[in-house]
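J.: My file is work_2.txt. It has compact mmCIF, C-alpha atoms:
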# COMPACT_ATOMS: atom_id res chain seq x y z
CA MET R 1 47.63 86.05 136.48
CA PHE R 2 47.67 89.28 134.51
CA ASP R 3 46.58 88.76 130.91
CA PHE R 4 49.17 90.55 128.77
CA VAL R 5 48.10 89.05 125.48
CA THR R 6 44.36 89.79 125.55
CA ARG R 7 45.01 93.47 126.26
CA ARG R 8 47.80 93.78 123.68
CA LYS R 9 45.84 96.09 121.37
CA TRP R 10 45.47 98.60 124.20
CA PHE R 11 49.22 98.48 124.82
CA PHE R 12 49.89 98.93 121.12
CA LEU R 13 47.47 101.86 121.01
CA ALA R 14 49.03 103.57 124.06
CA SER R 15 52.53 103.22 122.62
CA GLY R 16 51.33 104.40 119.22
CA LEU R 17 49.83 107.58 120.72
CA VAL R 18 53.01 108.39 122.66
CA ILE R 19 55.16 107.77 119.57
CA LEU R 20 52.79 109.85 117.41
CA ILE R 21 53.16 112.81 119.78
CA GLY R 22 56.94 112.42 119.60
CA ILE R 23 56.95 112.20 115.80
CA ILE R 24 54.79 115.34 115.54
CA SER R 25 57.26 117.13 117.81
CA LEU R 26 60.19 115.85 115.75
CA ILE R 27 58.58 117.09 112.53
CA ALA R 28 57.51 120.44 114.00
CA SER R 29 60.51 121.28 116.17
CA GLY R 30 63.18 118.76 115.33
CA LEU R 31 65.95 117.93 117.77
CA ASN R 32 68.04 120.38 119.74
CA LEU R 33 71.28 119.11 118.25
CA GLY R 34 74.48 119.73 120.15
CA ILE R 35 77.57 121.15 118.55
CA GLU R 36 78.86 117.64 117.72
CA PHE R 37 76.05 117.14 115.18
CA SER R 38 75.25 120.66 113.99
CA SER R 39 78.71 122.31 113.86
CA GLY R 40 79.66 125.58 115.52
CA THR R 41 81.79 126.99 118.32
CA THR R 42 81.01 127.04 122.02
CA MET R 43 82.92 129.01 124.63
CA THR R 44 82.47 129.89 128.27
CA LEU R 45 83.20 133.56 128.95
CA VAL R 46 83.86 134.68 132.52
CA PHE R 47 83.82 138.43 133.23
CA GLU R 48 85.48 140.18 136.14
CA ASP R 49 82.83 142.92 136.24
CA GLU R 50 79.05 142.58 136.12
CA VAL R 51 77.71 142.16 132.57
CA GLY R 52 74.03 142.16 131.57
CA GLU R 53 72.79 139.48 129.21
CA ALA R 54 70.95 142.00 127.01
CA ALA R 55 74.08 144.15 126.69
CA LEU R 56 76.18 141.09 125.81
CA ARG R 57 73.64 139.99 123.22
CA ASP R 58 73.67 143.46 121.64
CA GLN R 59 77.44 143.34 121.47
CA PHE R 60 77.42 139.98 119.68
CA THR R 61 74.86 141.38 117.24
CA SER R 62 77.14 144.32 116.48
CA LEU R 63 79.94 141.79 115.84
CA ASP R 64 77.77 140.06 113.15
CA HIS R 65 76.82 137.14 115.41
CA SER R 66 73.15 137.94 115.93
CA ASN R 67 72.23 134.23 115.98
CA ALA R 68 74.58 133.46 118.87
CA SER R 69 73.00 131.44 121.68
CA ILE R 70 73.76 132.99 125.09
CA GLN R 71 73.13 131.30 128.44
CA HIS R 72 73.94 133.06 131.71
CA SER R 73 75.01 131.43 134.96
CA ALA R 74 76.47 133.16 138.00
CA LYS R 75 79.60 131.55 139.44
CA ASP R 76 80.80 131.84 143.03
CA ALA R 77 84.55 132.28 142.94
CA PHE R 78 87.62 133.55 144.76
CA LEU R 79 89.70 136.35 143.26
CA LEU R 80 93.30 135.43 143.97
CA GLY R 81 95.92 138.16 143.68
CA MET R 82 99.47 136.87 143.27
CA GLU R 83 102.58 137.13 141.12
CA LEU R 84 102.86 134.98 137.98
CA PRO R 85 105.35 134.76 135.12
CA LEU R 86 104.59 137.05 132.17
CA ASP R 87 105.73 134.52 129.59
CA PRO R 88 102.53 132.82 128.30
CA LYS R 89 103.94 129.28 128.43
CA GLU R 90 105.39 129.66 131.90
CA ARG R 91 102.23 131.40 133.07
CA GLY R 92 100.03 128.58 131.75
CA LYS R 93 102.27 125.98 133.35
CA GLU R 94 102.11 127.76 136.71
CA LYS R 95 98.29 127.96 136.56
CA ASP R 96 98.02 124.27 135.66
CA GLN R 97 100.22 123.32 138.60
CA LEU R 98 98.13 125.47 140.92
CA ALA R 99 94.88 123.91 139.68
CA GLU R 100 96.21 120.36 140.02
CA ALA R 101 97.51 120.99 143.53
CA LEU R 102 94.26 122.55 144.75
CA GLN R 103 92.14 119.85 143.10
CA ALA R 104 94.12 117.21 144.97
CA ARG R 105 93.77 119.07 148.27
CA PHE R 106 90.03 119.83 147.98
CA ASP R 107 89.02 116.74 145.96
CA THR R 108 86.95 118.72 143.45
CA THR R 109 87.26 120.30 140.02
CA ILE R 110 88.75 123.79 139.76
CA ARG R 111 88.61 126.13 136.81
CA ILE R 112 90.89 129.16 136.66
CA ALA R 113 90.07 132.37 134.79
CA ASP R 114 92.91 134.84 134.30
CA PHE R 115 91.88 138.51 134.60
CA SER R 116 95.39 139.91 134.41
CA ALA R 117 96.11 142.68 131.93
CA VAL R 118 99.71 141.97 130.93
CA GLY R 119 101.59 145.02 129.68
CA ASN R 120 105.05 145.46 128.24
CA THR R 121 107.65 145.14 130.98
CA THR R 122 111.15 143.89 131.43
CA SER R 123 110.29 142.07 134.64
CA PRO R 124 109.87 138.26 134.33
CA VAL R 125 106.87 138.30 136.71
CA GLY R 126 103.89 140.55 137.26
CA ASN R 127 100.82 140.96 139.40
CA ALA R 128 98.02 138.59 138.38
CA THR R 129 94.34 138.31 139.26
CA LEU R 130 93.01 134.78 139.00
CA ALA R 131 89.42 133.67 139.53
CA LEU R 132 89.24 130.24 141.16
CA ILE R 133 85.90 128.54 140.46
CA PHE R 134 85.42 125.44 142.63
CA GLY R 135 83.10 122.51 141.99
CA LYS R 136 81.94 122.56 145.61
CA THR R 137 81.67 125.02 148.48
CA VAL R 138 85.09 125.94 149.88
CA GLY R 139 85.84 128.24 152.79
CA GLN R 140 88.07 131.26 152.24
CA GLY R 141 90.13 130.37 155.30
CA ASP R 142 90.61 126.80 154.08
CA LEU R 143 91.81 128.08 150.70
CA SER R 144 94.26 130.47 152.37
CA ASP R 145 95.67 127.65 154.53
CA LYS R 146 96.06 125.31 151.54
CA LEU R 147 97.86 127.96 149.50
CA ALA R 148 100.24 128.59 152.40
CA ASP R 149 100.84 124.85 152.73
CA LEU R 150 101.71 124.73 149.02
CA GLY R 151 104.39 127.38 149.55
CA TYR R 152 102.57 130.42 148.16
CA SER R 153 102.99 133.75 149.97
CA GLY R 154 102.13 137.39 149.47
CA PHE R 155 98.76 136.57 147.95
CA SER R 156 95.34 138.15 148.56
CA ILE R 157 91.94 136.40 148.45
CA GLU R 158 88.52 137.96 147.88
CA SER R 159 85.21 136.11 147.68
CA THR R 160 82.99 137.21 144.76
CA THR R 161 80.30 136.20 142.27
CA LEU R 162 81.18 136.35 138.59
CA ASP R 163 79.04 136.57 135.48
CA SER R 164 79.63 133.48 133.33
CA TYR R 165 78.10 132.98 129.89
CA LEU R 166 77.97 129.92 127.66
CA ILE R 167 78.11 131.20 124.09
CA ARG R 168 77.37 129.18 120.97
CA THR R 169 77.90 130.60 117.50
CA GLU R 170 78.57 129.36 113.99
CA THR R 171 82.06 127.94 113.58
CA ILE R 172 84.73 130.61 114.04
CA ASP R 173 88.51 130.39 113.71
CA THR R 174 91.14 131.46 116.23
CA GLN R 175 91.51 134.93 114.72
CA GLU R 176 87.76 135.61 114.90
CA GLU R 177 87.72 134.32 118.47
CA ASP R 178 90.50 136.75 119.45
CA GLU R 179 88.70 139.64 117.74
CA ILE R 180 85.47 138.85 119.61
CA LYS R 181 87.27 138.65 122.95
CA GLN R 182 89.11 141.92 122.30
CA ALA R 183 85.88 143.73 121.41
CA LEU R 184 84.10 142.37 124.47
CA GLU R 185 87.02 143.28 126.72
CA GLU R 186 86.97 146.86 125.43
CA GLU R 187 83.24 147.06 126.15
CA PHE R 188 82.89 145.16 129.42
CA GLY R 189 86.34 144.98 131.01
CA LEU R 190 88.63 142.05 131.71
CA LEU R 191 87.41 138.57 130.78
CA ASP R 192 88.72 135.08 130.15
CA SER R 193 87.42 132.27 127.95
CA LEU R 194 87.15 128.68 129.14
CA ASP R 195 86.28 125.48 127.27
CA VAL R 196 86.48 126.84 123.72
CA TYR R 197 85.31 124.03 121.43
CA SER R 198 84.75 124.11 117.66
CA ILE R 199 83.28 121.57 115.22
CA SER R 200 83.33 122.19 111.47
CA PRO R 201 80.25 121.40 109.32
CA GLU R 202 82.16 118.56 107.61
CA VAL R 203 83.03 116.87 110.92
CA ALA R 204 79.46 117.31 112.20
CA ALA R 205 78.05 115.70 109.04
CA GLU R 206 80.48 112.79 109.41
CA ARG R 207 79.41 112.23 113.00
CA VAL R 208 75.74 112.13 112.01
CA GLN R 209 76.60 109.65 109.26
CA TYR R 210 78.67 107.38 111.50
CA THR R 211 76.05 107.51 114.25
CA THR R 212 73.41 106.38 111.76
CA TYR R 213 75.67 103.55 110.62
CA ALA R 214 76.25 102.49 114.24
CA VAL R 215 72.51 102.27 115.00
CA ILE R 216 71.78 100.38 111.76
CA ALA R 217 74.66 97.96 112.39
CA ALA R 218 73.44 97.35 115.94
CA ALA R 219 69.89 96.66 114.74
CA ALA R 220 71.08 94.31 111.96
CA GLY R 221 73.31 92.42 114.39
CA ILE R 222 70.46 92.01 116.87
CA LEU R 223 68.11 90.76 114.15
CA LEU R 224 70.62 88.16 112.92
CA TYR R 225 71.54 87.00 116.41
CA ILE R 226 67.96 86.52 117.64
CA THR R 227 66.95 84.79 114.41
CA TRP R 228 69.88 82.37 114.81
CA ALA R 229 69.30 81.83 118.56
CA PHE R 230 65.64 80.89 118.00
CA ARG R 231 66.23 78.99 114.76
CA LYS R 232 64.66 75.78 116.12
CA LEU R 233 61.29 77.45 116.61
CA VAL R 234 58.70 78.01 113.92
CA ARG R 235 59.29 81.32 112.08
CA PRO R 236 62.36 82.39 114.12
CA ILE R 237 62.66 85.61 112.17
CA SER R 238 59.45 86.82 113.82
CA TYR R 239 61.30 87.03 117.15
CA GLY R 240 64.10 89.06 115.63
CA VAL R 241 61.73 91.43 113.86
CA CYS R 242 59.58 91.92 116.98
CA ALA R 243 62.72 92.66 119.02
CA ILE R 244 63.71 95.30 116.45
CA VAL R 245 60.22 96.81 116.58
CA ALA R 246 60.51 97.05 120.39
CA LEU R 247 63.96 98.60 119.97
CA VAL R 248 62.63 101.22 117.53
CA HIS R 249 59.70 101.81 119.90
CA ASP R 250 62.11 102.65 122.74
CA ALA R 251 64.36 104.84 120.61
CA LEU R 252 61.43 106.84 119.19
CA ILE R 253 60.00 107.53 122.65
CA VAL R 254 63.37 108.71 124.00
CA LEU R 255 63.88 110.91 120.92
CA GLY R 256 60.31 112.21 121.20
CA VAL R 257 60.78 113.24 124.84
CA PHE R 258 64.04 115.06 124.04
CA SER R 259 62.37 116.80 121.09
CA LEU R 260 59.26 117.71 123.07
CA PHE R 261 61.24 119.37 125.87
CA SER R 262 64.02 120.70 123.58
CA LEU R 263 66.76 118.84 125.47
CA GLU R 264 70.19 118.84 123.88
CA VAL R 265 71.16 115.82 121.79
CA ASN R 266 74.94 115.35 121.87
CA SER R 267 77.45 112.51 121.75
CA MET R 268 76.61 111.51 125.34
CA PHE R 269 72.97 111.13 124.28
CA ILE R 270 73.97 108.74 121.48
CA ILE R 271 75.93 106.66 124.00
CA ALA R 272 72.86 106.62 126.24
CA LEU R 273 70.62 105.63 123.31
CA LEU R 274 72.86 102.71 122.33
CA THR R 275 72.97 101.64 125.99
CA VAL R 276 69.17 101.74 126.12
CA ILE R 277 69.02 99.60 122.97
CA GLY R 278 71.28 97.00 124.57
CA TYR R 279 69.32 97.05 127.84
CA SER R 280 65.96 96.74 126.08
CA VAL R 281 67.10 93.90 123.83
CA ASN R 282 68.54 92.05 126.81
CA ASN R 283 65.16 92.20 128.57
CA THR R 284 63.38 91.13 125.39
CA ILE R 285 65.69 88.14 124.88
CA VAL R 286 65.03 86.99 128.45
CA VAL R 287 61.29 87.02 127.71
CA PHE R 288 61.74 85.25 124.35
CA ASP R 289 63.98 82.63 125.93
CA ARG R 290 61.29 81.80 128.49
CA ILE R 291 58.74 81.56 125.66
CA ARG R 292 61.05 79.09 123.89
CA GLU R 293 61.43 76.95 127.04
CA ASN R 294 57.70 76.85 127.73
CA ARG R 295 56.94 76.17 124.07
CA ARG R 296 59.24 73.14 124.07
CA ARG R 297 57.53 71.64 127.13
CA ASP R 298 54.19 71.33 125.39
CA ILE R 299 53.93 72.13 121.68
CA ASN R 300 50.15 71.63 121.74
CA VAL R 301 49.37 74.41 124.22
CA ASP R 302 47.85 77.56 122.73
CA PHE R 303 50.71 79.92 121.80
CA ALA R 304 49.01 82.95 123.39
CA SER R 305 48.81 81.08 126.70
CA VAL R 306 52.48 80.18 126.47
CA VAL R 307 53.45 83.81 125.88
CA ASN R 308 51.22 85.04 128.68
CA ALA R 309 52.68 82.52 131.15
CA SER R 310 56.21 83.39 130.06
CA LEU R 311 55.61 87.11 130.55
CA THR R 312 54.17 86.47 134.01
CA GLU R 313 57.16 84.30 134.99
CA THR R 314 59.68 86.94 133.89
CA LEU R 315 57.73 89.88 135.32
CA GLY R 316 59.41 89.76 138.73
CA ARG R 317 62.90 89.46 137.27
CA SER R 318 62.33 92.34 134.83
CA LEU R 319 60.91 94.67 137.47
CA SER R 320 63.65 93.85 140.00
CA THR R 321 66.41 94.51 137.47
CA SER R 322 64.79 97.73 136.28
CA LEU R 323 64.12 99.09 139.77
CA THR R 324 67.66 98.50 141.00
CA THR R 325 68.98 100.19 137.85
CA LEU R 326 66.57 103.10 138.28
CA PHE R 327 67.65 103.68 141.90
CA VAL R 328 71.23 104.22 140.71
CA LEU R 329 70.14 106.43 137.80
CA LEU R 330 67.90 108.57 140.00
CA ALA R 331 70.78 109.08 142.44
CA LEU R 332 72.97 110.20 139.52
CA LEU R 333 70.18 112.42 138.22
CA LEU R 334 69.83 114.15 141.59
CA PHE R 335 73.48 114.40 142.61
CA GLY R 336 75.51 113.84 139.44
CA GLY R 337 75.57 117.45 138.31
CA ALA R 338 74.47 119.27 135.18
CA THR R 339 77.20 117.88 132.92
CA ILE R 340 75.70 114.36 132.86
CA SER R 341 72.04 115.21 133.55
CA ASN R 342 70.82 114.72 129.95
CA PHE R 343 72.82 111.49 129.64
CA VAL R 344 71.32 110.08 132.83
CA LEU R 345 67.84 111.32 131.91
CA ALA R 346 68.02 109.49 128.57
CA LEU R 347 69.09 106.31 130.36
CA THR R 348 66.29 106.68 132.92
CA ILE R 349 63.61 107.12 130.26
CA GLY R 350 65.13 104.27 128.25
CA VAL R 351 65.15 101.83 131.17
CA ILE R 352 61.49 102.54 131.94
CA VAL R 353 60.41 102.32 128.31
CA GLY R 354 62.65 99.31 127.63
CA THR R 355 61.13 97.37 130.49
CA TYR R 356 57.65 98.26 129.28
CA SER R 357 58.35 97.26 125.67
CA SER R 358 59.88 93.88 126.57
CA LEU R 359 56.77 92.95 128.57
CA PHE R 360 53.91 94.72 126.82
CA ILE R 361 55.11 95.12 123.22
CA ALA R 362 57.63 92.48 122.11
CA GLY R 363 55.90 89.36 123.48
CA PRO R 364 52.34 90.31 122.51
CA LEU R 365 53.63 91.39 119.08
CA VAL R 366 54.93 87.84 118.48
CA VAL R 367 51.40 86.57 119.19
CA SER R 368 49.98 89.03 116.67
CA TRP R 369 52.54 87.80 114.13
CA GLU R 370 51.63 84.15 114.77
CA ARG R 371 47.93 84.86 114.38
CA GLY R 372 48.42 86.77 111.13
CA GLU R 373 47.08 90.03 112.60
CA LEU R 374 49.92 92.07 111.14
CA ARG R 375 49.23 90.73 107.66
CA ARG R 376 45.53 91.52 108.02
CA LEU R 377 46.44 95.01 109.25
CA PHE R 378 48.43 95.71 106.09
CA ASN R 379 45.62 94.28 103.96
CA TRP R 380 43.19 96.58 105.77
CA ILE R 381 45.03 99.74 104.73
CA PRO R 382 42.66 101.51 102.28
CA LEU R 383 45.39 102.28 99.77
CA ARG R 384 46.37 98.63 99.47
CA ARG R 385 42.72 97.58 99.15
CA GLU R 386 42.17 100.04 96.32
CA GLN R 387 45.28 98.83 94.53
CA GLY R 388 44.11 95.24 94.92
Let me see whether you can do it: turn the structure in this file into C-alpha cells.
T.:
Amino acid sequence: MFDFVTRRKWFFLASGLVILIGIISLIASGLNLGIEFSSGTTMTLVFEDEVGEAALRDQFTSLDHSNASIQHSAKDAFLLGMELPLDPKERGKEKDQLAEALQARFDTTIRIADFSAVGNTTSPVGNATLALIFGKTVGQGDLSDKLADLGYSGFSIESTTLDSYLIRTETIDTQEEDEIKQALEEEFGLLDSLDVYSISPEVAAERVQYTTYAVIAAAAGILLYITWAFRKLVRPISYGVCAIVALVHDALIVLGVFSLFSLEVNSMFIIALLTVIGYSVNNTIVVFDRIRENRRRDINVDFASVVNASLTETLGRSLSTSLTTLFVLLALLLFGGATISNFVLALTIGVIVGTYSSLFIAGPLVVSWERGELRRLFNWIPLRREQG
C-alpha cells in the first residue's frame, strides 16, 4: 500500500514550487486577458489582395493605433461571382440565406466576406464578389453543384487563398471603425470585416468584479457545505478548509500555466476554471467521505492510518474517472478546433491537477491539521516569533 501520509511534506513541497513559479510569472507578466476583461475592440479583416503584416501594422500606426495587436492567418476560400441586390438590407438577407443553405448542405460553418464595390446605379442588382470561407475542405465541383441545386445560375467560382488578420485595438466606435476600414481599403484594396466585437472599459471592469464574486461565492458555499456534511466528526471545519486549500491549489496552477505561456484568459476560461473547481471538490469529497466511513468503524485507529487507507481505497475510482474524462478532453483538444482549444486545455490541466490535489494534498493536509503541524508552522515563522 502506497504511503500517502508519510510523504505528504514532499507533495506539499512539489506543489509549493509549482505554485511559486506560477505566482512569479503572474507578478512578472500577469495574465493575457481577453477583450472581455480588459476592454477593447477585435475585428477580423479579410483582404481580397495580398497584404503584408508589416505594411498593415504601419498603416495602423499611421491611423494612431500603434498598440494594435495583429495576428495573420491565411484562409483558403472560393471567390464567388454573382448578382446580388444593391440595397444593404436585401443584400445582407440574401447573403445570410446563401450561408444557411450551404451550411446545411455541407454540414460545416461558412463565413462570407463581401468584396463588392457598390457604386451609384439605378439598377436594383449588381455584380458581387463574395469570398466563401468553409470550416472544412470542400471541392470546387461540389460547391458548383450545390449552388446549381439551390437555384443559382450565371455564377463563377475561383479557388484562392486570402490574407486574414485578427486585429485588437482599444475600444473604438462605429465611426472610427468605418474610418479605419476606408483608409485600409484605399491602401490595400477591397476588404471586409468579420466578427467585430467591442467591450467598453466599464463593462470589462464589471465582468472582472462579477467573476471575482462568483469564485468567492463558490468557495464559501463549498466551505459551508463540507463543514455541515462532516459535522459529526471532530473539527469538521478542517475538512472544509482543506478542501478550499486544494481548490485554491488547483486554480493557482491553472492560472500559473496560462500566465507562463501567455495563453488568453477569456470568459470561456472562467467557465473552465469553475468547472475545474467543481470537479476537484467532487473528488475531494469522495476521499473525505471514505475517511469518515473508515473513521466511524474504529475510532481508536491512528488517524493517519485511516486517511492513508481511505486514499488507497479511492485511488482506483479517482484514476478511472480522471482517465475517462481526459480521453474525451484530449480528443477535443486534438480535433475540436482553435476556438475551444484554450477552454479544453484549461479543463485538461484542471482535471490532472484536481485529481492530484484530492489524493496528495487534501487528505494529507487534514492529517497535518489534526497533528497541529499547521499551527506549529505559523509559530515557526520568524516574524511571529520576534513579535512573541
J.: With all atoms listed in the file counted and 10 Å as the cut-off, give the residues of stretch 179-284 of chain R in contact with stretch 151-168 of chain R, each with its shortest interatomic distance in Å and the pair that gives it, as a tab-separated table.
T.:
residue	atom	partner	partner_atom	distance
R:Leu191	CA	R:Ser164	CA	9.6
R:Asp192	CA	R:Ser164	CA	9.8
R:Ser193	CA	R:Ser164	CA	9.5
R:Leu194	CA	R:Leu166	CA	9.4
R:Asp195	CA	R:Leu166	CA	9.4
R:Val196	CA	R:Ile167	CA	9.4
R:Tyr197	CA	R:Arg168	CA	9.5
R:Ser198	CA	R:Arg168	CA	9.5
J.: Residues within 12 Å of R:Leu365, please, as number ranges by chain. Count only C-alpha atoms; anything in the same chain fewer than 3 positions from it doesn't count.
T.: R: 4-9, 11-12, 238-246, 284, 288, 304, 307-308, 357-362, 368-374
J.: At a cut-off of 12 Å, using all atoms listed in the file, what residues contact R:Val248? Leave out same-chain residues fewer than 3 positions from it and give the result as JSON, numbers by chain.
T.: {"R": [15, 16, 19, 215, 216, 218, 219, 241, 242, 243, 244, 245, 251, 252, 253, 254, 255, 256, 273, 274, 276, 277, 278, 280, 281, 350, 353, 354, 357, 358, 361, 362]}
J.: So that I can check the surroundings of R:Gly30, please list as a ChimeraX atom specification every protein, DNA and RNA residue that reaches within 12 Å of it, counting all atoms listed in the file and ignoring chain neighbours fewer than 5 positions away.
T.: /R:22-25,255-265
J.: Excluding stretch 333-349 of chain R and residues on its chain fewer than 6 positions from it, collect all residues at most 6 Å away from it, counting only C-alpha atoms, and give them as a PyMOL selection string.
T.: chain R and resi 268-269+272
J.: Could you tell me which of R:Asp178, R:Asp96, R:Glu186, R:Asp298 comes closest to R:Ala113 if we count all atoms listed in the file?
T.: R:Asp96
J.: Env of R:Leu63: 12 Å cut, atoms = only C-alpha atoms, seq-sep filter 6 positions within chain, self excluded. Answer as a short mmCIF file (atom, residue, chain, number, x, y, z; two decimals) with C-alpha atoms, keeping the file's coordinate frame.
T.:
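Contents of part.cif, as written:
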data_model
loop_
_atom_site.label_atom_id
_atom_site.label_comp_id
_atom_site.auth_asym_id
_atom_site.auth_seq_id
_atom_site.Cartn_x
_atom_site.Cartn_y
_atom_site.Cartn_z
CA LEU R 56 76.18 141.09 125.81
CA ARG R 57 73.64 139.99 123.22
CA THR R 169 77.90 130.60 117.50
CA GLU R 176 87.76 135.61 114.90
CA GLU R 177 87.72 134.32 118.47
CA GLU R 179 88.70 139.64 117.74
CA ILE R 180 85.47 138.85 119.61
CA LYS R 181 87.27 138.65 122.95
CA GLN R 182 89.11 141.92 122.30
CA ALA R 183 85.88 143.73 121.41
CA LEU R 184 84.10 142.37 124.47
#
J.: Have a look at atom CA of R:Ala68 and atom CA of R:Ser267 and let me know their distance in Å, one decimal.
T.: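 Straight-line distance from atom CA of R:Ala68 to atom CA of R:Ser267 works out to 21.3 Å.
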J.: Choose the residue, out of R:Ala77, R:Ile352, R:Val306, R:Leu132, that has the smallest atom-to-atom separation from R:Ser318; count all atoms listed in the file.
T.: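 For R:Ser318, the nearest of the candidates is R:Ile352.
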J.: With 6 Å of padding per side, what axis-aligned box (centre and edge lengths, Å, one decimal) covers all the listed atoms of stretch 287-296 of chain R? Give it as lines of an AutoDock Vina configuration file.
T.:
center_x = 60.5
center_y = 80.1
center_z = 126.2
size_x = 19.0
size_y = 25.9
size_z = 16.6
J.: Have a look at R:Ile133, R:Ile199, R:Leu147, R:Val18 and name the one nearest to R:Asp76; count all atoms listed in the file.
T.: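 So, comparing all the options, the nearest one is R:Ile133.
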J.: Go through R:Asn127, R:Asn266, R:Ser62, R:Thr174 and flag the residue nearest R:Ala204, using only C-alpha atoms for the distances.
T.: R:Asn266
J.: Would you work out the distance separating atom CA of R:Val46 from atom CA of R:Ser66, expressed in Å to one decimal?
T.: 20.0 Å
J.: Could you check how far atom CA of R:Pro85 sits from atom CA of R:Thr129, in Å to one decimal?
T.: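 Those two atoms sit 12.3 Å apart.
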